[in-house]
file protein27.txt (compact mmCIF, C-alpha atoms)
# COMPACT_ATOMS: atom_id res chain seq x y z
CA MET A 132 0.00 0.00 0.00
CA ALA A 133 1.33 3.41 -0.97
CA ARG A 134 2.35 5.68 1.87
CA TYR A 135 3.22 9.37 1.96
CA LEU A 136 6.64 10.46 3.20
CA LYS A 137 5.61 14.05 2.43
CA GLU A 138 2.08 15.35 1.97
CA GLY A 139 0.94 18.51 0.26
CA ILE A 140 -2.06 20.81 0.57
CA SER A 141 -5.38 19.17 1.40
CA ASP A 142 -8.21 18.83 -1.10
CA GLU A 143 -10.37 21.04 1.13
CA ASP A 144 -7.83 23.86 1.01
CA LYS A 145 -7.55 23.46 -2.75
CA ASP A 146 -11.33 23.75 -3.07
CA THR A 147 -11.35 26.93 -0.96
CA ALA A 148 -8.65 28.50 -3.13
CA ASP A 149 -10.47 27.46 -6.30
CA ALA A 150 -13.70 29.03 -5.08
CA GLN A 151 -11.98 32.36 -4.47
CA VAL A 152 -10.45 32.28 -7.96
CA ARG A 153 -13.81 31.41 -9.49
CA ARG A 154 -15.56 34.37 -7.87
CA THR A 155 -12.84 36.81 -8.89
CA VAL A 156 -12.90 35.66 -12.50
CA GLU A 157 -16.70 35.80 -12.67
CA ASP A 158 -16.65 39.43 -11.54
CA ILE A 159 -13.98 40.43 -14.07
CA LEU A 160 -15.67 38.74 -17.00
CA ASP A 161 -19.06 40.22 -16.08
CA ASP A 162 -17.48 43.67 -16.00
CA ILE A 163 -15.85 43.16 -19.40
CA LYS A 164 -19.22 42.09 -20.85
CA LYS A 165 -20.75 45.33 -19.59
CA ARG A 166 -17.99 47.87 -20.14
CA GLY A 167 -15.79 46.38 -22.85
CA ASP A 168 -12.54 48.23 -23.55
CA ALA A 169 -12.91 50.46 -20.48
CA ALA A 170 -13.01 47.44 -18.18
CA VAL A 171 -10.12 45.77 -19.99
CA ARG A 172 -8.03 48.91 -19.56
CA ASP A 173 -8.95 49.25 -15.88
CA TYR A 174 -7.88 45.67 -15.10
CA SER A 175 -4.71 45.98 -17.14
CA THR A 176 -3.83 49.07 -15.12
CA LYS A 177 -4.74 47.41 -11.83
CA PHE A 178 -2.97 44.09 -12.32
CA ASP A 179 -0.13 44.94 -14.73
CA ASN A 180 0.25 48.73 -14.34
CA TRP A 181 -0.12 48.87 -18.12
CA SER A 182 -2.36 51.27 -20.06
CA PRO A 183 -0.91 52.10 -23.51
CA ASP A 184 -2.72 54.07 -26.19
CA ASN A 185 -3.33 50.79 -28.02
CA PHE A 186 -2.93 47.27 -26.69
CA ARG A 187 -2.31 46.00 -30.22
CA LEU A 188 1.31 46.42 -31.24
CA SER A 189 2.03 48.24 -34.49
CA ARG A 190 4.42 46.90 -37.09
CA ALA A 191 6.96 49.48 -35.94
CA GLU A 192 6.64 48.36 -32.31
CA ILE A 193 7.06 44.72 -33.33
CA ASP A 194 10.11 45.53 -35.44
CA ALA A 195 11.63 47.45 -32.54
CA CYS A 196 11.48 44.31 -30.41
CA TYR A 197 13.87 42.55 -32.80
CA GLY A 198 16.47 45.16 -31.90
CA GLN A 199 16.11 44.30 -28.21
CA VAL A 200 17.10 40.63 -28.53
CA THR A 201 20.35 39.12 -29.76
CA GLU A 202 20.90 37.31 -33.04
CA GLN A 203 21.51 34.17 -30.98
CA ASN A 204 18.12 34.66 -29.31
CA ILE A 205 16.47 34.87 -32.72
CA GLU A 206 18.29 31.79 -34.04
CA ASP A 207 17.34 29.83 -30.91
CA ILE A 208 13.68 30.82 -31.31
CA LYS A 209 13.77 29.79 -34.96
CA PHE A 210 15.34 26.43 -34.04
CA ALA A 211 12.65 25.71 -31.44
CA GLN A 212 9.87 26.74 -33.81
CA LYS A 213 11.26 24.48 -36.51
CA GLN A 214 11.09 21.48 -34.17
CA ILE A 215 7.53 22.28 -33.11
CA ARG A 216 6.45 22.94 -36.70
CA ASN A 217 7.98 19.66 -37.87
CA PHE A 218 6.10 17.60 -35.30
CA ALA A 219 2.85 19.50 -35.88
CA GLU A 220 3.15 18.78 -39.61
CA ILE A 221 3.71 15.09 -38.86
CA GLN A 222 0.57 15.12 -36.71
CA LYS A 223 -1.46 16.91 -39.36
CA ALA A 224 -0.35 14.37 -41.97
CA SER A 225 -1.96 11.67 -39.81
CA MET A 226 -5.37 13.31 -40.27
CA HIS A 227 -7.20 12.51 -43.48
CA ASP A 228 -10.48 13.47 -45.08
CA VAL A 229 -12.53 10.34 -45.79
CA GLU A 230 -15.33 9.43 -48.17
CA GLU A 231 -16.71 5.91 -48.52
CA GLU A 232 -19.76 4.13 -49.88
CA THR A 233 -20.92 2.46 -46.67
CA TYR A 234 -24.15 0.95 -48.11
CA PRO A 235 -25.21 0.73 -51.76
CA GLY A 236 -25.89 4.31 -52.84
CA VAL A 237 -24.90 5.85 -49.45
CA ILE A 238 -21.77 8.01 -49.44
CA LEU A 239 -20.49 9.14 -46.03
CA GLY A 240 -17.47 11.25 -45.34
CA HIS A 241 -15.78 13.81 -43.16
CA LYS A 242 -13.68 16.87 -43.83
CA ASN A 243 -11.05 18.32 -41.51
CA LEU A 244 -11.63 22.09 -41.35
CA PRO A 245 -9.51 24.55 -39.36
CA VAL A 246 -11.18 26.86 -36.87
CA ALA A 247 -11.66 30.35 -38.36
CA SER A 248 -10.01 32.40 -35.60
CA VAL A 249 -7.95 31.61 -32.51
CA GLY A 250 -6.69 33.64 -29.57
CA CYS A 251 -3.32 32.39 -28.28
CA TYR A 252 -2.39 33.33 -24.73
CA VAL A 253 1.29 33.51 -23.80
CA PRO A 254 2.02 33.80 -20.05
CA GLY A 255 4.67 36.34 -19.21
CA GLY A 256 4.04 38.26 -16.03
CA LYS A 257 6.54 36.37 -13.84
CA TYR A 258 8.74 34.90 -16.58
CA PRO A 259 8.65 35.78 -20.31
CA MET A 260 7.32 32.41 -21.52
CA VAL A 261 8.67 32.61 -25.05
CA ALA A 262 8.04 28.92 -25.72
CA SER A 263 4.28 29.29 -25.29
CA ALA A 264 4.22 31.42 -28.44
CA HIS A 265 5.70 28.52 -30.40
CA MET A 266 3.32 25.97 -28.96
CA SER A 267 0.12 27.82 -29.79
CA VAL A 268 0.80 30.10 -32.75
CA VAL A 269 3.03 27.74 -34.75
CA THR A 270 0.65 24.83 -34.24
CA ALA A 271 -2.41 26.90 -35.22
CA LYS A 272 -0.55 28.06 -38.32
CA VAL A 273 0.21 24.49 -39.36
CA ALA A 274 -3.46 23.63 -38.85
CA GLY A 275 -4.39 26.37 -41.33
CA VAL A 276 -6.21 28.78 -38.99
CA PRO A 277 -6.85 31.96 -41.07
CA ARG A 278 -6.75 34.47 -38.18
CA ILE A 279 -4.43 34.03 -35.22
CA ILE A 280 -4.15 36.67 -32.52
CA ALA A 281 -1.69 36.51 -29.66
CA CYS A 282 -1.80 38.12 -26.23
CA ALA A 283 0.93 38.33 -23.60
CA PRO A 284 1.18 40.58 -20.54
CA PRO A 285 3.84 43.26 -20.21
CA PHE A 286 7.10 42.20 -18.62
CA GLU A 287 8.98 44.72 -16.52
CA GLY A 288 6.78 47.54 -17.76
CA ARG A 289 6.88 46.93 -21.50
CA PRO A 290 6.05 44.30 -24.14
CA ALA A 291 8.43 41.40 -23.61
CA PRO A 292 10.72 41.66 -26.66
CA ALA A 293 11.49 37.94 -26.97
CA ILE A 294 7.81 37.00 -26.71
CA VAL A 295 6.86 39.54 -29.37
CA VAL A 296 9.60 38.29 -31.70
CA ALA A 297 8.48 34.68 -31.14
CA GLN A 298 4.82 35.57 -31.79
CA ASP A 299 5.78 37.37 -34.99
CA LEU A 300 8.12 34.65 -36.28
CA ALA A 301 5.44 32.06 -35.50
CA GLY A 302 2.98 33.89 -37.77
CA ALA A 303 0.54 35.72 -35.48
CA ASP A 304 -1.71 38.06 -37.47
CA GLU A 305 -2.37 40.41 -34.54
CA ILE A 306 -0.18 40.87 -31.46
CA TYR A 307 -1.46 42.47 -28.25
CA CYS A 308 0.37 43.36 -25.06
CA LEU A 309 -2.41 42.38 -22.68
CA GLY A 310 -2.47 39.78 -19.94
CA GLY A 311 -4.53 37.83 -17.45
CA VAL A 312 -8.28 37.39 -17.28
CA GLN A 313 -8.72 40.70 -19.09
CA ALA A 314 -6.91 39.29 -22.14
CA MET A 315 -9.00 36.12 -22.14
CA GLY A 316 -12.22 38.11 -21.75
CA ALA A 317 -11.31 40.57 -24.49
CA MET A 318 -10.41 37.83 -26.98
CA ALA A 319 -13.50 35.73 -26.26
CA LEU A 320 -16.14 38.43 -25.69
CA GLY A 321 -14.75 41.03 -28.06
CA THR A 322 -14.41 44.78 -27.56
CA ASP A 323 -14.26 47.78 -29.87
CA GLU A 324 -10.52 47.21 -30.13
CA ILE A 325 -10.43 43.41 -30.38
CA THR A 326 -12.67 41.37 -32.70
CA PRO A 327 -13.67 38.20 -30.82
CA VAL A 328 -12.19 34.82 -31.71
CA ASP A 329 -13.78 31.39 -31.96
CA MET A 330 -11.29 29.58 -29.74
CA LEU A 331 -8.88 30.28 -26.86
CA VAL A 332 -5.67 28.31 -26.35
CA GLY A 333 -2.58 28.45 -24.20
CA PRO A 334 -1.49 27.88 -20.61
CA GLY A 335 -1.70 30.31 -17.72
CA ASN A 336 -2.06 30.72 -13.99
CA ALA A 337 -5.13 29.66 -12.01
CA TYR A 338 -7.04 32.80 -13.00
CA VAL A 339 -6.35 32.38 -16.72
CA ALA A 340 -7.33 28.70 -16.58
CA GLU A 341 -10.54 29.57 -14.73
CA ALA A 342 -11.34 32.26 -17.29
CA LYS A 343 -11.04 29.67 -20.04
CA ARG A 344 -13.33 27.34 -18.12
CA GLN A 345 -15.98 30.02 -17.67
CA LEU A 346 -15.74 31.18 -21.30
CA TYR A 347 -16.01 27.66 -22.70
CA GLY A 348 -19.20 27.37 -24.70
CA ARG A 349 -19.09 30.94 -25.88
CA VAL A 350 -15.78 29.96 -27.47
CA GLY A 351 -13.92 26.70 -27.80
CA ILE A 352 -10.84 26.02 -25.69
CA ASP A 353 -7.93 23.68 -26.08
CA LEU A 354 -8.02 22.32 -22.52
CA LEU A 355 -7.69 23.48 -18.94
CA ALA A 356 -3.96 24.15 -18.68
CA GLY A 357 -3.44 25.81 -15.32
CA PRO A 358 -0.49 25.92 -12.90
CA THR A 359 2.24 23.49 -13.85
CA GLU A 360 2.33 19.97 -12.40
CA THR A 361 5.17 17.50 -12.55
CA LEU A 362 5.43 13.89 -11.43
CA VAL A 363 8.76 12.10 -11.19
CA ILE A 364 8.61 8.31 -11.20
CA ALA A 365 11.95 6.85 -10.16
CA ASP A 366 13.66 3.75 -8.79
CA ASP A 367 17.16 3.05 -7.51
CA SER A 368 18.64 3.36 -11.00
CA VAL A 369 18.90 7.15 -10.45
CA ASP A 370 19.91 9.38 -7.55
CA GLY A 371 18.25 12.02 -5.42
CA GLU A 372 20.14 14.89 -7.02
CA LEU A 373 18.59 14.19 -10.42
CA CYS A 374 15.10 13.70 -8.95
CA ALA A 375 15.32 16.91 -6.92
CA THR A 376 16.53 18.87 -9.94
CA ASP A 377 13.61 17.71 -12.05
CA LEU A 378 11.10 18.45 -9.29
CA LEU A 379 12.38 21.95 -8.58
CA GLY A 380 12.79 22.67 -12.28
CA GLN A 381 9.01 22.70 -12.56
CA ALA A 382 8.18 23.95 -9.06
CA GLU A 383 9.78 27.28 -9.97
CA HIS A 384 6.86 28.04 -12.30
CA GLY A 385 4.84 29.36 -9.37
CA PRO A 386 3.88 28.85 -5.73
CA THR A 387 0.96 26.58 -6.67
CA SER A 388 2.95 24.29 -8.98
CA ALA A 389 2.67 20.69 -7.79
CA ALA A 390 5.84 18.57 -7.78
CA ILE A 391 5.47 14.91 -6.77
CA LEU A 392 7.85 11.97 -6.49
CA ILE A 393 6.66 8.38 -6.74
CA THR A 394 9.25 5.71 -5.99
CA ASN A 395 9.60 2.13 -4.78
CA CYS A 396 12.90 2.93 -3.08
CA GLU A 397 12.71 4.49 0.39
CA SER A 398 16.37 5.49 0.43
CA LEU A 399 15.88 7.41 -2.86
CA ALA A 400 12.80 9.11 -1.42
CA LEU A 401 14.69 10.32 1.64
CA GLU A 402 17.73 11.30 -0.41
CA THR A 403 15.50 13.34 -2.73
CA ILE A 404 13.87 15.19 0.17
CA ASN A 405 17.32 16.09 1.50
CA GLU A 406 18.51 17.11 -1.96
CA VAL A 407 15.54 19.42 -2.45
CA ALA A 408 16.44 21.19 0.79
CA ARG A 409 20.08 21.47 -0.29
CA GLN A 410 19.32 22.80 -3.77
CA LEU A 411 16.85 25.35 -2.44
CA LYS A 412 19.77 27.02 -0.65
CA THR A 413 21.37 28.00 -3.97
CA LEU A 414 18.60 27.94 -6.61
CA PRO A 415 17.99 31.53 -7.84
CA THR A 416 14.24 30.85 -8.01
CA ALA A 417 14.17 29.19 -4.59
CA GLU A 418 11.61 31.59 -3.12
CA VAL A 419 8.95 30.45 -5.58
CA ALA A 420 10.09 26.84 -5.94
CA GLY A 421 10.42 26.44 -2.17
CA GLU A 422 6.90 27.66 -1.53
CA ALA A 423 5.53 25.29 -4.19
CA TRP A 424 7.45 22.35 -2.72
CA LYS A 425 6.40 23.19 0.84
CA THR A 426 2.70 23.51 -0.02
CA TYR A 427 2.16 21.21 -3.00
CA GLY A 428 5.13 18.83 -2.96
CA GLN A 429 4.56 15.15 -2.23
CA VAL A 430 6.68 12.03 -1.89
CA ILE A 431 4.86 8.72 -2.28
CA LEU A 432 6.49 5.38 -1.53
CA CYS A 433 5.07 2.34 -3.36
CA GLU A 434 5.72 -1.36 -2.99
CA SER A 435 5.78 -2.35 -6.67
CA LEU A 436 5.79 -1.09 -10.25
CA GLU A 437 2.11 -1.97 -10.51
CA GLU A 438 1.31 0.22 -7.52
CA MET A 439 3.40 3.03 -8.97
CA VAL A 440 1.27 2.92 -12.12
CA ILE A 441 -1.94 2.96 -10.08
CA GLU A 442 -0.79 6.01 -8.11
CA ALA A 443 0.46 7.80 -11.22
CA ASP A 444 -2.83 7.24 -13.05
CA ARG A 445 -4.75 8.47 -10.00
CA ILE A 446 -2.71 11.68 -9.93
CA ALA A 447 -3.01 12.13 -13.73
CA SER A 448 -0.19 14.66 -13.80
CA GLU A 449 0.51 17.14 -16.57
CA HIS A 450 4.16 16.07 -16.90
CA VAL A 451 5.47 12.62 -15.99
CA GLN A 452 9.24 12.09 -15.86
CA VAL A 453 10.03 8.35 -15.77
CA MET A 454 13.52 7.42 -14.57
CA THR A 455 13.47 3.68 -13.94
CA LYS A 456 15.26 0.58 -15.19
CA ASP A 457 12.43 -0.03 -17.68
CA PRO A 458 10.77 3.29 -18.62
CA ASP A 459 8.75 1.61 -21.38
CA TYR A 460 6.84 -0.32 -18.71
CA PHE A 461 5.12 2.96 -17.85
CA LEU A 462 4.64 3.87 -21.52
CA HIS A 463 2.81 0.59 -22.05
CA ASN A 464 0.80 0.59 -18.82
CA MET A 465 -0.01 4.18 -17.86
CA ARG A 466 -3.21 5.80 -19.14
CA ASN A 467 -3.49 9.23 -17.50
CA TYR A 468 -0.80 11.80 -18.27
CA GLY A 469 -0.27 14.94 -20.31
CA ALA A 470 3.17 13.98 -21.61
CA LEU A 471 5.68 11.28 -20.76
CA PHE A 472 9.43 11.87 -20.58
CA LEU A 473 11.05 8.46 -20.72
CA GLY A 474 14.48 7.87 -19.24
CA PRO A 475 16.95 10.12 -17.40
CA GLU A 476 18.35 11.41 -20.70
CA THR A 477 15.25 13.55 -21.35
CA ASN A 478 13.36 15.89 -19.05
CA VAL A 479 10.32 18.16 -18.88
CA SER A 480 12.36 21.24 -19.73
CA TYR A 481 13.12 19.79 -23.18
CA GLY A 482 9.40 19.42 -23.81
CA ASP A 483 8.68 22.84 -22.37
CA LYS A 484 11.10 24.68 -24.60
CA VAL A 485 12.41 23.02 -27.71
CA ILE A 486 12.17 19.32 -28.51
CA GLY A 487 9.00 19.53 -30.62
CA THR A 488 6.13 18.11 -28.60
CA ASN A 489 3.61 20.64 -27.32
CA HIS A 490 3.92 21.93 -23.77
CA THR A 491 0.30 23.05 -23.35
CA LEU A 492 -0.96 20.06 -21.40
CA PRO A 493 -3.88 19.04 -19.15
CA THR A 494 -3.73 19.89 -15.44
CA LYS A 495 -5.95 19.25 -12.40
CA ARG A 496 -6.47 15.61 -13.43
CA ALA A 497 -7.89 16.54 -16.84
CA ALA A 498 -5.43 14.02 -18.30
CA ARG A 499 -8.04 11.40 -17.41
CA TYR A 500 -10.10 12.54 -20.43
CA THR A 501 -7.93 14.67 -22.73
CA GLY A 502 -4.47 14.94 -24.13
CA GLY A 503 -2.57 18.15 -24.70
CA LEU A 504 -2.65 20.81 -27.37
CA TRP A 505 -1.84 19.51 -30.84
CA VAL A 506 -2.63 20.44 -34.41
CA GLY A 507 -5.90 18.49 -34.25
CA LYS A 508 -7.25 20.79 -31.52
CA PHE A 509 -7.50 23.56 -34.12
CA ILE A 510 -9.32 21.36 -36.62
CA LYS A 511 -13.01 20.47 -36.73
CA THR A 512 -13.83 17.05 -38.17
CA CYS A 513 -17.18 17.62 -39.90
CA THR A 514 -19.26 14.83 -41.43
CA TYR A 515 -21.41 14.85 -44.58
CA GLN A 516 -23.64 12.40 -46.45
CA LYS A 517 -24.91 11.88 -49.99
CA VAL A 518 -27.46 9.23 -51.12
CA THR A 519 -29.01 8.14 -54.38
CA GLN A 520 -32.80 7.97 -54.83
CA GLU A 521 -32.66 4.19 -54.61
CA ALA A 522 -30.66 4.34 -51.38
CA SER A 523 -33.01 6.99 -49.98
CA VAL A 524 -35.87 4.51 -50.39
CA GLU A 525 -33.97 1.71 -48.64
CA ILE A 526 -32.74 3.87 -45.79
CA GLY A 527 -36.11 5.65 -45.62
CA LYS A 528 -38.00 2.45 -44.82
CA TYR A 529 -35.88 1.84 -41.76
CA CYS A 530 -35.91 5.49 -40.74
CA SER A 531 -39.71 5.74 -41.00
CA ARG A 532 -40.25 2.74 -38.75
CA LEU A 533 -37.62 3.83 -36.23
CA CYS A 534 -39.14 7.34 -36.04
CA ALA A 535 -42.57 5.79 -35.41
CA LEU A 536 -41.02 3.69 -32.64
CA GLU A 537 -39.85 6.88 -30.93
CA GLY A 538 -43.02 8.87 -31.59
CA PHE A 539 -41.34 11.48 -33.78
CA ALA A 540 -44.02 12.23 -36.37
CA GLY A 541 -42.14 15.08 -38.02
CA HIS A 542 -38.99 13.01 -38.34
CA LYS A 543 -41.07 10.16 -39.81
CA GLU A 544 -42.54 12.47 -42.43
CA GLN A 545 -39.05 13.49 -43.55
CA ALA A 546 -38.52 9.87 -44.51
CA ASP A 547 -42.06 9.25 -45.80
CA ILE A 548 -42.10 12.15 -48.25
CA ARG A 549 -39.04 10.70 -49.93
CA LEU A 550 -40.54 7.23 -49.98
CA ARG A 551 -43.61 8.62 -51.75
CA ARG A 552 -41.61 10.66 -54.24
CA TYR A 553 -38.88 8.20 -55.08
CA ALA A 554 -40.73 4.87 -54.89
CA GLY A 555 -44.41 5.65 -54.62
CA ILE A 556 -44.42 4.03 -51.18
CA ASN A 557 -46.70 5.33 -48.43
CA GLU A 558 -45.91 3.82 -45.08
CA GLY A 559 -48.92 5.53 -43.56
call {"tool": "encode", "arguments": {"input": "protein27.txt", "output": "structure tokens"}}
result
Amino acid sequence: MARYLKEGISDEDKDTADAQVRRTVEDILDDIKKRGDAAVRDYSTKFDNWSPDNFRLSRAEIDACYGQVTEQNIEDIKFAQKQIRNFAEIQKASMHDVEEETYPGVILGHKNLPVASVGCYVPGGKYPMVASAHMSVVTAKVAGVPRIIACAPPFEGRPAPAIVVAQDLAGADEIYCLGGVQAMGAMALGTDEITPVDMLVGPGNAYVAEAKRQLYGRVGIDLLAGPTETLVIADDSVDGELCATDLLGQAEHGPTSAAILITNCESLALETINEVARQLKTLPTAEVAGEAWKTYGQVILCESLEEMVIEADRIASEHVQVMTKDPDYFLHNMRNYGALFLGPETNVSYGDKVIGTNHTLPTKRAARYTGGLWVGKFIKTCTYQKVTQEASVEIGKYCSRLCALEGFAGHKEQADIRLRRYAGINEG
């Protein structure tokens, strides 16, 4: 039976925090519905101390950002975007339109159609999350989305130059320096300045994720991608230093970022706990990472590989780093995860920044029912049908009787009128 060597925040405390976030977001979105641009500007001033003449960046402002980053920065961004574009194109190639004769005279098919407009959110208040521009804008571009707008908050009192460059290189059609719930509300609800989109994508803090949840239905969303979560699964084939590094590497995202270790080796568990404490003494982001580890960190000791899989699937973490003698055992047996990182040679940071898979992934156990952002999230698979007159008669007979079985007289008549016209049959 699994036992906890370190426990994190209780579910009750999580629910209390979630309720407070929910109320705050409801109030902001209601205000944006009523007051539009004025509300957006008020919240941008309040939360980001940012109130420019226009939130949308001009071509001149975008070009100026290129002068504020190095050539190496630009080449690195291009390299990362190439990897993400390559994998997105591979994914898109796996999606095919279909058309088949499924019954004599009955042609059924589907077409894969890109969403018309998408709003891509790039977090950037605490850290300029350049990679999030690649993950959303590049992938939407590969999918064929005609209008892509991108929002990111100001960083240190101005548009974050590297984010703007990444958004532009990725192919965003409109770039706004606007963050938080106010950005999500403006993109989804629309204002005089921002034409609303059909879909919102991208990660964010708890407030951004909650805004997406509340706006879902009015617009589509990719998934609920809130504060980062990481799960390290390890055995005695690795050491505590590596485990601690991978835990803290994600805990630094924010004070509510969950970092969990599952192991079947008690000595590794204890070594990792000690290593976390040691590394927090020198890690530049220790203030944030330490708070996340203190409040949300967990260490779970299991008796077997099978129990480790059960616990991992229960947690359904966004990121799962597997460092065991046989990492493929977890690839073949786990069901609930956002992304797997198999073996000590890889790590979540590779996926976050450059390797090519998408880093916008399900959190808060959403991995039980969805995967992460990919090119298919931007594509609607829409069905169609065509039938001959002869097939309409054959299908119509069945349809008429089935409609009568359900008591749908109007539905029945849709079939019967075709029976009368195409075959002179009146089913009564």
call {"tool": "closest_residue", "arguments": {"input": "protein27.txt", "among": "A:Arg216, A:Arg134, A:Arg344, A:His450", "to": "A:Ala390", "atoms": "only C-alpha atoms"}}
result
A:His450
call {"tool": "residues_around", "arguments": {"input": "protein27.txt", "residues": "A:Gly503", "least_positions_apart": "3", "cutoff": "6 Å", "atoms": "all atoms listed in the file", "output": "short mmCIF file (atom, residue, chain, number, x, y, z; two decimals) with C-alpha atoms, keeping the file's coordinate frame"}}
result
data_model
loop_
_atom_site.label_atom_id
_atom_site.label_comp_id
_atom_site.auth_asym_id
_atom_site.auth_seq_id
_atom_site.Cartn_x
_atom_site.Cartn_y
_atom_site.Cartn_z
CA GLY A 469 -0.27 14.94 -20.31
CA THR A 491 0.30 23.05 -23.35
CA LEU A 492 -0.96 20.06 -21.40
CA PRO A 493 -3.88 19.04 -19.15
#
call {"tool": "closest_atom_pairs", "arguments": {"input": "protein27.txt", "of": "stretch 239-325 of chain A", "to": "stretch 191-207 of chain A", "cutoff": "7 Å", "atoms": "all atoms listed in the file", "output": "Markdown table"}}
result
| residue | atom | partner | partner_atom | distance |
| --- | --- | --- | --- | --- |
| A:Pro292 | CA | A:Cys196 | CA | 4.7 |
| A:Ala293 | CA | A:Val200 | CA | 6.4 |
| A:Val295 | CA | A:Ile193 | CA | 6.5 |
| A:Val296 | CA | A:Tyr197 | CA | 6.1 |
call {"tool": "closest_residue", "arguments": {"input": "protein27.txt", "among": "A:Gly302, A:Pro285, A:Gly321, A:Pro235", "to": "A:Met266", "atoms": "only C-alpha atoms"}}
result
A:Gly302
call {"tool": "closest_residue", "arguments": {"input": "protein27.txt", "among": "A:Ile325, A:Ala283, A:Cys396, A:Val407", "to": "A:Met260", "atoms": "all atoms listed in the file"}}
result
A:Ala283
call {"tool": "closest_residue", "arguments": {"input": "protein27.txt", "among": "A:Glu422, A:Val156, A:Ala303, A:Ala211", "to": "A:Met315", "atoms": "all atoms listed in the file"}}
result
A:Val156
call {"tool": "atom_distance", "arguments": {"input": "protein27.txt", "atom1": "atom CA of A:Thr270", "atom2": "atom CA of A:Thr322"}}
result
25.9 Å
call {"tool": "closest_atom_pairs", "arguments": {"input": "protein27.txt", "of": "stretch 431-475 of chain A", "to": "stretch 356-362 of chain A", "cutoff": "9 Å", "atoms": "all atoms listed in the file", "output": "Markdown table"}}
result
| residue | atom | partner | partner_atom | distance |
| --- | --- | --- | --- | --- |
| A:Ala443 | CA | A:Leu362 | CA | 7.9 |
| A:Ile446 | CA | A:Leu362 | CA | 8.6 |
| A:Ala447 | CA | A:Leu362 | CA | 8.9 |
| A:Ser448 | CA | A:Glu360 | CA | 6.0 |
| A:Glu449 | CA | A:Glu360 | CA | 5.4 |
| A:His450 | CA | A:Thr361 | CA | 4.7 |
| A:Val451 | CA | A:Leu362 | CA | 4.7 |
| A:Gln452 | CA | A:Leu362 | CA | 6.1 |
| A:Val453 | CA | A:Leu362 | CA | 8.4 |
call {"tool": "closest_residue", "arguments": {"input": "protein27.txt", "among": "A:Gly255, A:Gly428, A:Gly316, A:Pro334", "to": "A:Asp162", "atoms": "all atoms listed in the file"}}
result
A:Gly316
call {"tool": "closest_residue", "arguments": {"input": "protein27.txt", "among": "A:Gly527, A:Gly333, A:Gly236, A:Pro458", "to": "A:Trp505", "atoms": "only C-alpha atoms"}}
result
A:Gly333
call {"tool": "atom_distance", "arguments": {"input": "protein27.txt", "atom1": "atom CA of A:Tyr307", "atom2": "atom CA of A:Glu324"}}
result
10.4 Å
